[in-house]
file structure-v3.txt (compact mmCIF, C-alpha atoms and all ligand atoms)
# COMPACT_ATOMS: atom_id res chain seq x y z
CA LYS A 1 -18.63 8.07 16.58
CA GLN A 2 -15.61 9.09 14.59
CA LYS A 3 -12.87 6.72 13.53
CA THR A 4 -9.93 7.08 11.19
CA PHE A 5 -9.77 4.73 8.25
CA ILE A 6 -6.29 4.37 6.80
CA PHE A 7 -5.95 2.95 3.31
CA ASP A 8 -2.84 1.52 1.76
CA LEU A 9 -2.71 2.38 -1.96
CA ASP A 10 -1.01 -0.28 -4.08
CA GLY A 11 -3.10 -3.44 -4.10
CA VAL A 12 -5.87 -1.92 -1.96
CA ILE A 13 -7.23 1.08 -3.87
CA VAL A 14 -5.70 0.30 -7.24
CA ASP A 15 -4.10 -2.81 -8.68
CA THR A 16 -0.69 -1.21 -9.18
CA ALA A 17 0.83 -4.24 -7.46
CA LYS A 18 0.82 -5.91 -10.89
CA TYR A 19 2.74 -2.99 -12.44
CA HIS A 20 5.32 -3.01 -9.65
CA PHE A 21 5.74 -6.74 -10.28
CA PHE A 22 6.20 -6.34 -14.07
CA ALA A 23 8.76 -3.61 -13.61
CA TRP A 24 10.72 -5.47 -10.90
CA GLN A 25 10.65 -8.67 -12.90
CA ASN A 26 12.04 -6.92 -15.99
CA LEU A 27 14.75 -5.32 -13.93
CA ALA A 28 15.61 -8.63 -12.26
CA LYS A 29 15.83 -10.30 -15.66
CA SER A 30 18.12 -7.56 -17.00
CA ILE A 31 20.56 -8.09 -14.15
CA GLY A 32 20.37 -11.87 -14.26
CA VAL A 33 18.27 -12.56 -11.17
CA ASN A 34 15.41 -15.04 -11.22
CA PHE A 35 12.38 -13.38 -9.60
CA THR A 36 9.05 -15.18 -9.36
CA HIS A 37 5.46 -14.20 -8.58
CA GLU A 38 5.88 -15.95 -5.24
CA ASP A 39 8.98 -13.90 -4.37
CA ASN A 40 6.94 -10.79 -5.16
CA GLU A 41 4.77 -11.24 -2.05
CA GLN A 42 7.75 -10.14 0.08
CA LEU A 43 8.07 -6.91 -1.89
CA LYS A 44 4.51 -5.73 -1.32
CA GLY A 45 4.35 -2.73 0.98
CA VAL A 46 8.12 -2.53 1.05
CA SER A 47 9.97 0.62 -0.09
CA ARG A 48 11.66 0.90 -3.47
CA VAL A 49 15.18 0.79 -2.03
CA GLN A 50 14.42 -2.20 0.15
CA SER A 51 12.69 -4.03 -2.68
CA LEU A 52 15.88 -3.82 -4.73
CA GLU A 53 17.90 -5.12 -1.78
CA LEU A 54 15.53 -8.10 -1.50
CA ILE A 55 15.87 -8.88 -5.22
CA LEU A 56 19.67 -8.65 -5.06
CA GLY A 57 19.57 -10.95 -2.04
CA LEU A 58 17.51 -13.52 -3.96
CA GLY A 59 20.20 -13.67 -6.65
CA ASN A 60 23.09 -13.41 -4.18
CA LYS A 61 24.16 -10.42 -6.19
CA LYS A 62 26.52 -7.72 -5.01
CA ALA A 63 26.30 -4.26 -6.54
CA THR A 64 27.85 -0.84 -6.09
CA GLN A 65 25.77 2.12 -4.94
CA GLU A 66 26.10 3.58 -8.41
CA GLU A 67 24.61 0.47 -10.03
CA LYS A 68 21.80 0.39 -7.49
CA ASP A 69 20.93 4.02 -8.17
CA ILE A 70 20.74 3.33 -11.91
CA TRP A 71 18.52 0.27 -11.38
CA LEU A 72 16.17 2.14 -9.05
CA VAL A 73 15.67 4.81 -11.71
CA GLN A 74 15.27 2.16 -14.42
CA LYS A 75 12.58 0.33 -12.43
CA ASN A 76 10.68 3.49 -11.61
CA GLU A 77 10.78 4.75 -15.19
CA GLU A 78 9.20 1.56 -16.43
CA TYR A 79 6.65 1.65 -13.61
CA LEU A 80 5.72 5.23 -14.53
CA THR A 81 4.91 4.23 -18.11
CA PHE A 82 2.07 2.09 -16.66
CA ILE A 83 0.96 4.82 -14.25
CA GLU A 84 0.70 7.41 -17.02
CA LYS A 85 -2.05 5.35 -18.65
CA MET A 86 -4.16 4.95 -15.48
CA ASP A 87 -7.68 6.31 -15.04
CA GLU A 88 -10.80 5.74 -12.88
CA SER A 89 -11.37 2.33 -14.47
CA GLU A 90 -8.44 1.00 -12.44
CA ILE A 91 -10.02 1.67 -9.05
CA LEU A 92 -10.58 -1.74 -7.47
CA PRO A 93 -14.20 -2.94 -7.08
CA ASP A 94 -16.28 -1.17 -4.39
CA VAL A 95 -13.42 0.99 -3.14
CA GLU A 96 -15.35 4.12 -4.04
CA ARG A 97 -18.55 2.81 -2.42
CA VAL A 98 -16.62 2.34 0.83
CA LEU A 99 -14.94 5.77 0.61
CA GLN A 100 -18.31 7.41 -0.05
CA PHE A 101 -20.01 5.58 2.80
CA LEU A 102 -17.26 6.60 5.23
CA LYS A 103 -17.44 10.23 4.06
CA GLU A 104 -21.23 10.30 4.47
CA HIS A 105 -20.74 9.04 8.03
CA ASN A 106 -18.17 11.76 8.80
CA GLN A 107 -15.27 9.40 9.21
CA LYS A 108 -11.68 10.50 8.69
CA ILE A 109 -9.91 9.02 5.68
CA VAL A 110 -6.13 8.81 5.42
CA LEU A 111 -3.73 7.32 2.88
CA GLY A 112 -0.78 5.38 4.32
CA SER A 113 1.47 4.21 1.48
CA ALA A 114 5.16 3.44 1.10
CA SER A 115 5.05 4.73 -2.47
CA LYS A 116 6.69 7.93 -3.59
CA ASN A 117 4.25 7.92 -6.52
CA ALA A 118 1.11 7.90 -4.34
CA LYS A 119 -0.14 11.44 -5.01
CA PRO A 120 0.02 11.33 -8.82
CA ILE A 121 -1.71 7.93 -8.76
CA LEU A 122 -4.57 9.22 -6.59
CA GLU A 123 -4.95 12.16 -8.95
CA LYS A 124 -4.94 9.91 -12.01
CA VAL A 125 -7.81 7.83 -10.66
CA ASN A 126 -9.59 10.92 -9.31
CA LEU A 127 -9.81 9.85 -5.64
CA PHE A 128 -7.65 12.60 -4.13
CA ARG A 129 -10.69 14.53 -2.85
CA TYR A 130 -11.70 11.79 -0.37
CA PHE A 131 -8.54 12.02 1.73
CA ASP A 132 -8.16 14.15 4.86
CA ALA A 133 -4.44 13.40 4.97
CA ILE A 134 -1.88 11.63 2.83
CA VAL A 135 1.27 10.00 4.14
CA ASP A 136 3.50 8.43 1.51
CA GLY A 137 7.05 7.30 0.87
CA ASN A 138 8.23 10.92 0.77
CA ASP A 139 7.14 11.55 4.36
CA VAL A 140 8.59 8.61 6.26
CA SER A 141 11.99 7.03 6.68
CA LYS A 142 11.11 3.66 8.14
CA ALA A 143 9.49 1.12 5.83
CA LYS A 144 6.60 -1.19 6.78
CA PRO A 145 6.50 -3.39 8.91
CA ASP A 146 7.61 -0.40 10.95
CA PRO A 147 4.42 1.38 12.03
CA GLU A 148 5.75 4.89 11.26
CA VAL A 149 3.64 5.53 8.16
CA PHE A 150 0.39 4.74 9.99
CA LEU A 151 1.34 6.56 13.20
CA VAL A 152 2.20 9.71 11.23
CA GLY A 153 -1.13 9.34 9.39
CA ALA A 154 -3.09 9.12 12.63
CA ASP A 155 -1.23 12.12 13.99
CA LYS A 156 -2.05 14.23 10.94
CA VAL A 157 -5.77 13.94 11.71
CA TYR A 158 -5.30 14.07 15.50
CA SER A 159 -6.42 10.46 16.02
CA LYS A 160 -5.27 7.94 18.57
CA PRO A 161 -3.99 4.64 17.09
CA LYS A 162 -6.75 2.69 18.83
CA SER A 163 -9.34 4.69 16.84
CA CYS A 164 -7.71 3.71 13.55
CA ILE A 165 -8.61 0.95 11.13
CA VAL A 166 -6.10 -0.01 8.44
CA PHE A 167 -6.83 -1.66 5.08
CA GLU A 168 -3.75 -3.51 3.79
CA ASP A 169 -2.91 -6.07 1.10
CA SER A 170 0.64 -6.81 2.24
CA VAL A 171 2.08 -8.91 5.04
CA ALA A 172 4.45 -6.07 5.99
CA GLY A 173 1.55 -3.61 6.07
CA VAL A 174 -0.64 -5.80 8.27
CA GLN A 175 2.30 -6.17 10.66
CA ALA A 176 2.83 -2.40 10.64
CA ALA A 177 -0.83 -1.82 11.52
CA ASN A 178 -0.70 -4.39 14.31
CA GLN A 179 2.49 -2.85 15.65
CA ALA A 180 0.79 0.55 15.66
CA ALA A 181 -1.99 -1.04 17.79
CA MET A 182 -4.52 -0.30 15.06
CA LEU A 183 -7.21 -2.65 13.83
CA SER A 184 -5.86 -4.41 10.73
CA ILE A 185 -8.05 -5.53 7.86
CA GLY A 186 -6.38 -7.66 5.21
CA ILE A 187 -7.46 -7.29 1.59
CA GLY A 188 -6.41 -10.47 -0.17
CA GLU A 189 -5.81 -14.09 0.68
CA GLN A 190 -6.53 -15.17 4.26
CA ASN A 191 -3.65 -17.69 4.23
CA VAL A 192 -1.17 -14.95 3.32
CA LEU A 193 -2.65 -12.23 5.56
CA HIS A 194 -3.40 -14.46 8.56
CA GLU A 195 -2.00 -11.88 10.98
CA ALA A 196 -4.81 -9.45 10.12
CA LYS A 197 -7.72 -9.10 12.56
CA PHE A 198 -10.17 -9.51 9.66
CA CYS A 199 -9.54 -10.52 6.06
CA PHE A 200 -11.60 -10.07 2.89
CA THR A 201 -10.71 -10.98 -0.67
CA ASP A 202 -11.78 -7.48 -1.79
CA PHE A 203 -14.06 -4.58 -0.86
CA THR A 204 -17.14 -6.17 -2.46
CA LYS A 205 -17.12 -8.51 0.57
CA ILE A 206 -17.17 -5.60 3.04
CA SER A 207 -20.78 -4.61 3.77
CA ASN A 208 -22.03 -1.23 4.95
CA GLU A 209 -23.22 -3.02 8.12
CA PHE A 210 -19.67 -4.18 8.81
CA LEU A 211 -18.39 -0.62 8.26
CA LEU A 212 -21.01 0.66 10.73
CA ASP A 213 -19.82 -1.91 13.27
CA LEU A 214 -16.25 -0.66 12.82
CA ILE A 215 -17.40 2.93 13.30
CA ASN A 216 -19.30 2.07 16.48
CA CYS A 217 -16.98 -0.48 18.07
C1 LIG A 301 4.12 0.15 -2.15
C2 LIG A 301 4.16 -1.12 -2.96
C3 LIG A 301 5.58 -1.60 -3.14
C4 LIG A 301 6.45 -0.48 -3.65
C5 LIG A 301 6.44 0.68 -2.68
C6 LIG A 301 7.29 1.85 -3.15
O1 LIG A 301 4.22 -0.14 -0.81
O2 LIG A 301 3.39 -2.13 -2.35
O3 LIG A 301 5.56 -2.68 -4.03
O4 LIG A 301 7.77 -0.90 -3.86
O5 LIG A 301 5.12 1.11 -2.52
O6 LIG A 301 6.67 2.43 -4.27
P1 LIG A 301 7.33 3.49 -5.22
O7 LIG A 301 6.18 3.93 -6.10
O8 LIG A 301 7.84 4.61 -4.38
O9 LIG A 301 8.41 2.82 -5.97
MG MG A 302 -0.12 -2.51 -0.80
call {"tool": "encode", "arguments": {"input": "structure-v3.txt", "output": "structure tokens", "more": "lines below"}}
Ligand code: G6P
Ligand code: MG
result
Amino acid sequence: KQKTFIFDLDGVIVDTAKYHFFAWQNLAKSIGVNFTHEDNEQLKGVSRVQSLELILGLGNKKATQEEKDIWLVQKNEEYLTFIEKMDESEILPDVERVLQFLKEHNQKIVLGSASKNAKPILEKVNLFRYFDAIVDGNDVSKAKPDPEVFLVGADKVYSKPKSCIVFEDSVAGVQAANQAAMLSIGIGEQNVLHEAKFCFTDFTKISNEFLLDLINC
């Protein structure tokens, strides 16, 4: 059988979630907003523009469009200084084993990320070659939990949503997958990602047998 496996990027393939957090926290500090690790959960999977809106909301802070534009650039510039230093060593455990296994079994592999930096990151960590299609923040207008990013991904490889399996580390992403009527697999904490059909702390917990079951279900 052939299924389509859609991977989120940040927090699923690479641990860039920590870099997003550092950069947002520094920005928040510079504009006088208190932003904690707990608050950060809400930002995962959410677009850059919407992340800033959430942070401003936390601090009850009003800002002009001009200020917002400056802050968005500031945040991304700091984030990019982390990205520039990335290499294969930052691929999360067993991600490549899973990608290889799916490739060997002729499965379709798609990236479904809200990030506008997705392509350079995949190139940095040398995983670009595994993907049959890439949908990122440059291709969609509606942010997760809207299912657009995953539906466009499925379309690009001529798959029906019900033949798609989504790996996600964010609450918004799991909701997007569910809304797309795809099978959602949470990568992270079960108590946070309780809306996912299955949840694993990381890919080391996902066996080849389980992947075969997904392919054949
Ligand atoms: C991902 C991350 C978010 C990030 C968003 C936009 O979904 O989980 O934390 O804000 O992408 O990323 P970008 O690289 O375009 O700022
Ligand atoms: Mg993510």
call {"tool": "atom_distance", "arguments": {"input": "structure-v3.txt", "atom1": "CA of Val140 in chain A", "atom2": "CA of Asn117 in chain A"}}
result
13.5 Å
call {"tool": "residues_near_ligand", "arguments": {"input": "structure-v3.txt", "ligand": "ligand LIG 301 (chain A)", "cutoff": "8 Å", "atoms": "all atoms listed in the file", "output": "PyMOL selection string"}}
result
chain A and resi 8-11+16-17+20-21+43-51+76+79+113-118+137+170
call {"tool": "write_last_selection", "arguments": {"input": "structure-v3.txt", "atoms": "C-alpha atoms", "output": "PDB file, in the frame of the given file"}}
result
ATOM      1  CA  ASP A   8      -2.840   1.520   1.760  1.00  0.00           C
ATOM      2  CA  LEU A   9      -2.710   2.380  -1.960  1.00  0.00           C
ATOM      3  CA  ASP A  10      -1.010  -0.280  -4.080  1.00  0.00           C
ATOM      4  CA  GLY A  11      -3.100  -3.440  -4.100  1.00  0.00           C
ATOM      5  CA  THR A  16      -0.690  -1.210  -9.180  1.00  0.00           C
ATOM      6  CA  ALA A  17       0.830  -4.240  -7.460  1.00  0.00           C
ATOM      7  CA  HIS A  20       5.320  -3.010  -9.650  1.00  0.00           C
ATOM      8  CA  PHE A  21       5.740  -6.740 -10.280  1.00  0.00           C
ATOM      9  CA  LEU A  43       8.070  -6.910  -1.890  1.00  0.00           C
ATOM     10  CA  LYS A  44       4.510  -5.730  -1.320  1.00  0.00           C
ATOM     11  CA  GLY A  45       4.350  -2.730   0.980  1.00  0.00           C
ATOM     12  CA  VAL A  46       8.120  -2.530   1.050  1.00  0.00           C
ATOM     13  CA  SER A  47       9.970   0.620  -0.090  1.00  0.00           C
ATOM     14  CA  ARG A  48      11.660   0.900  -3.470  1.00  0.00           C
ATOM     15  CA  VAL A  49      15.180   0.790  -2.030  1.00  0.00           C
ATOM     16  CA  GLN A  50      14.420  -2.200   0.150  1.00  0.00           C
ATOM     17  CA  SER A  51      12.690  -4.030  -2.680  1.00  0.00           C
ATOM     18  CA  ASN A  76      10.680   3.490 -11.610  1.00  0.00           C
ATOM     19  CA  TYR A  79       6.650   1.650 -13.610  1.00  0.00           C
ATOM     20  CA  SER A 113       1.470   4.210   1.480  1.00  0.00           C
ATOM     21  CA  ALA A 114       5.160   3.440   1.100  1.00  0.00           C
ATOM     22  CA  SER A 115       5.050   4.730  -2.470  1.00  0.00           C
ATOM     23  CA  LYS A 116       6.690   7.930  -3.590  1.00  0.00           C
ATOM     24  CA  ASN A 117       4.250   7.920  -6.520  1.00  0.00           C
ATOM     25  CA  ALA A 118       1.110   7.900  -4.340  1.00  0.00           C
ATOM     26  CA  GLY A 137       7.050   7.300   0.870  1.00  0.00           C
ATOM     27  CA  SER A 170       0.640  -6.810   2.240  1.00  0.00           C
TER      28      SER A 170
END
call {"tool": "atom_distance", "arguments": {"input": "structure-v3.txt", "atom1": "CA of Val174 in chain A", "atom2": "CA of Val73 in chain A"}}
result
27.9 Å
call {"tool": "atom_distance", "arguments": {"input": "structure-v3.txt", "atom1": "CA of Arg97 in chain A", "atom2": "CA of Lys1 in chain A"}}
result
19.7 Å
call {"tool": "residues_around", "arguments": {"input": "structure-v3.txt", "residues": "Ile91 in chain A", "least_positions_apart": "5", "cutoff": "8 Å", "atoms": "all atoms listed in the file", "output": "PyMOL selection string"}}
result
chain A and resi 13-15+96+125
call {"tool": "closest_residue", "arguments": {"input": "structure-v3.txt", "among": "A:Leu111, A:Leu214, A:Ala181, A:Leu52", "to": "ligand MG 302 (chain A)", "atoms": "all atoms listed in the file"}}
result
A:Leu111
call {"tool": "residues_around", "arguments": {"input": "structure-v3.txt", "residues": "range 101-107 of chain A", "least_positions_apart": "4", "cutoff": "8 Å", "atoms": "only C-alpha atoms", "output": "JSON, numbers by chain"}}
result
{"A": [2, 3, 4, 5, 97, 130, 208, 211, 215]}
call {"tool": "residues_around", "arguments": {"input": "structure-v3.txt", "residues": "Ala176 in chain A", "least_positions_apart": "6", "cutoff": "10 Å", "atoms": "only C-alpha atoms", "output": "list in words"}}
result
Gly45, Ala143, Lys144, Pro145, Asp146, Pro147, Glu148, Val149, Phe150, Leu151, Val166, Glu168, Ser170, Met182 and Ser184 of chain A
call {"tool": "axis_aligned_box", "arguments": {"input": "structure-v3.txt", "around": "range 134-138 of chain A", "padding_each_side": "3 Å", "output": "AutoDock Vina command-line options"}}
result
--center_x 3.2 --center_y 9.5 --center_z 2.5 --size_x 16.1 --size_y 10.3 --size_z 9.4
call {"tool": "residues_around", "arguments": {"input": "structure-v3.txt", "residues": "Gly59 in chain A", "least_positions_apart": "4", "cutoff": "12 Å", "atoms": "only C-alpha atoms", "output": "short mmCIF file (atom, residue, chain, number, x, y, z; two decimals) with C-alpha atoms, keeping the file's coordinate frame"}}
result
data_model
loop_
_atom_site.label_atom_id
_atom_site.label_comp_id
_atom_site.auth_asym_id
_atom_site.auth_seq_id
_atom_site.Cartn_x
_atom_site.Cartn_y
_atom_site.Cartn_z
CA ALA A 28 15.61 -8.63 -12.26
CA LYS A 29 15.83 -10.30 -15.66
CA ILE A 31 20.56 -8.09 -14.15
CA GLY A 32 20.37 -11.87 -14.26
CA VAL A 33 18.27 -12.56 -11.17
CA ASN A 34 15.41 -15.04 -11.22
CA PHE A 35 12.38 -13.38 -9.60
CA THR A 36 9.05 -15.18 -9.36
CA ASP A 39 8.98 -13.90 -4.37
CA LEU A 52 15.88 -3.82 -4.73
CA GLU A 53 17.90 -5.12 -1.78
CA LEU A 54 15.53 -8.10 -1.50
CA ILE A 55 15.87 -8.88 -5.22
CA ALA A 63 26.30 -4.26 -6.54
#
call {"tool": "closest_residue", "arguments": {"input": "structure-v3.txt", "among": "A:Phe167, A:Tyr158, A:Phe198, A:Phe210", "to": "Val12 in chain A", "atoms": "all atoms listed in the file"}}
result
A:Phe167
call {"tool": "closest_residue", "arguments": {"input": "structure-v3.txt", "among": "A:Ile6, A:Leu99, A:Leu92, A:Ile121", "to": "Thr201 in chain A", "atoms": "only C-alpha atoms"}}
result
A:Leu92
call {"tool": "decode", "arguments": {"input": "structure-v3.txt", "residues": "range 118-142 of chain A", "atoms": "N, CA and C atoms", "output": "JSON list (two decimals), in the first residue's frame"}}
result
[["chain", "number", "residue", "atom", "x", "y", "z"],
["A", 118, "ALA", "N", 11.85, 26.91, 6.28],
["A", 118, "ALA", "CA", 11.89, 25.44, 6.22],
["A", 118, "ALA", "C", 12.92, 24.89, 5.23],
["A", 119, "LYS", "N", 12.94, 25.44, 4.02],
["A", 119, "LYS", "CA", 13.84, 24.88, 2.99],
["A", 119, "LYS", "C", 15.32, 25.01, 3.37],
["A", 120, "PRO", "N", 15.78, 26.21, 3.76],
["A", 120, "PRO", "CA", 17.19, 26.29, 4.17],
["A", 120, "PRO", "C", 17.53, 25.37, 5.34],
["A", 121, "ILE", "N", 16.58, 25.16, 6.26],
["A", 121, "ILE", "CA", 16.87, 24.28, 7.39],
["A", 121, "ILE", "C", 17.04, 22.83, 6.91],
["A", 122, "LEU", "N", 16.14, 22.38, 6.04],
["A", 122, "LEU", "CA", 16.25, 21.01, 5.51],
["A", 122, "LEU", "C", 17.57, 20.82, 4.77],
["A", 123, "GLU", "N", 17.99, 21.85, 4.05],
["A", 123, "GLU", "CA", 19.26, 21.77, 3.34],
["A", 123, "GLU", "C", 20.43, 21.70, 4.31],
["A", 124, "LYS", "N", 20.38, 22.53, 5.34],
["A", 124, "LYS", "CA", 21.44, 22.55, 6.36],
["A", 124, "LYS", "C", 21.66, 21.18, 6.98],
["A", 125, "VAL", "N", 20.56, 20.48, 7.26],
["A", 125, "VAL", "CA", 20.69, 19.19, 7.94],
["A", 125, "VAL", "C", 20.70, 18.03, 6.94],
["A", 126, "ASN", "N", 20.72, 18.38, 5.65],
["A", 126, "ASN", "CA", 20.89, 17.40, 4.58],
["A", 126, "ASN", "C", 19.77, 16.34, 4.52],
["A", 127, "LEU", "N", 18.53, 16.79, 4.67],
["A", 127, "LEU", "CA", 17.39, 15.86, 4.58],
["A", 127, "LEU", "C", 16.47, 16.19, 3.40],
["A", 128, "PHE", "N", 16.82, 17.20, 2.65],
["A", 128, "PHE", "CA", 15.98, 17.67, 1.55],
["A", 128, "PHE", "C", 15.58, 16.53, 0.60],
["A", 129, "ARG", "N", 16.56, 15.67, 0.32],
["A", 129, "ARG", "CA", 16.38, 14.61, -0.70],
["A", 129, "ARG", "C", 15.28, 13.60, -0.37],
["A", 130, "TYR", "N", 14.84, 13.52, 0.88],
["A", 130, "TYR", "CA", 13.80, 12.54, 1.22],
["A", 130, "TYR", "C", 12.39, 12.99, 0.83],
["A", 131, "PHE", "N", 12.22, 14.28, 0.58],
["A", 131, "PHE", "CA", 10.86, 14.83, 0.46],
["A", 131, "PHE", "C", 10.33, 14.89, -0.97],
["A", 132, "ASP", "N", 9.12, 14.33, -1.14],
["A", 132, "ASP", "CA", 8.46, 14.37, -2.45],
["A", 132, "ASP", "C", 7.80, 15.72, -2.68],
["A", 133, "ALA", "N", 7.45, 16.40, -1.59],
["A", 133, "ALA", "CA", 6.86, 17.73, -1.71],
["A", 133, "ALA", "C", 7.13, 18.49, -0.42],
["A", 134, "ILE", "N", 7.23, 19.80, -0.56],
["A", 134, "ILE", "CA", 7.44, 20.65, 0.61],
["A", 134, "ILE", "C", 6.40, 21.77, 0.61],
["A", 135, "VAL", "N", 5.67, 21.87, 1.70],
["A", 135, "VAL", "CA", 4.74, 23.00, 1.85],
["A", 135, "VAL", "C", 5.17, 23.74, 3.11],
["A", 136, "ASP", "N", 5.44, 25.03, 2.95],
["A", 136, "ASP", "CA", 5.92, 25.79, 4.11],
["A", 136, "ASP", "C", 5.17, 27.11, 4.24],
["A", 137, "GLY", "N", 5.64, 27.95, 5.13],
["A", 137, "GLY", "CA", 4.97, 29.21, 5.42],
["A", 137, "GLY", "C", 4.88, 30.16, 4.24],
["A", 138, "ASN", "N", 5.66, 29.89, 3.18],
["A", 138, "ASN", "CA", 5.58, 30.74, 1.99],
["A", 138, "ASN", "C", 4.43, 30.33, 1.08],
["A", 139, "ASP", "N", 3.89, 29.13, 1.30],
["A", 139, "ASP", "CA", 2.89, 28.59, 0.37],
["A", 139, "ASP", "C", 1.46, 28.72, 0.86],
["A", 140, "VAL", "N", 1.27, 28.98, 2.14],
["A", 140, "VAL", "CA", -0.09, 28.99, 2.68],
["A", 140, "VAL", "C", -0.40, 30.32, 3.37],
["A", 141, "SER", "N", -1.69, 30.61, 3.48],
["A", 141, "SER", "CA", -2.07, 31.87, 4.12],
["A", 141, "SER", "C", -2.74, 31.65, 5.47],
["A", 142, "LYS", "N", -3.26, 30.44, 5.67],
["A", 142, "LYS", "CA", -3.94, 30.19, 6.94],
["A", 142, "LYS", "C", -3.06, 29.35, 7.85]]
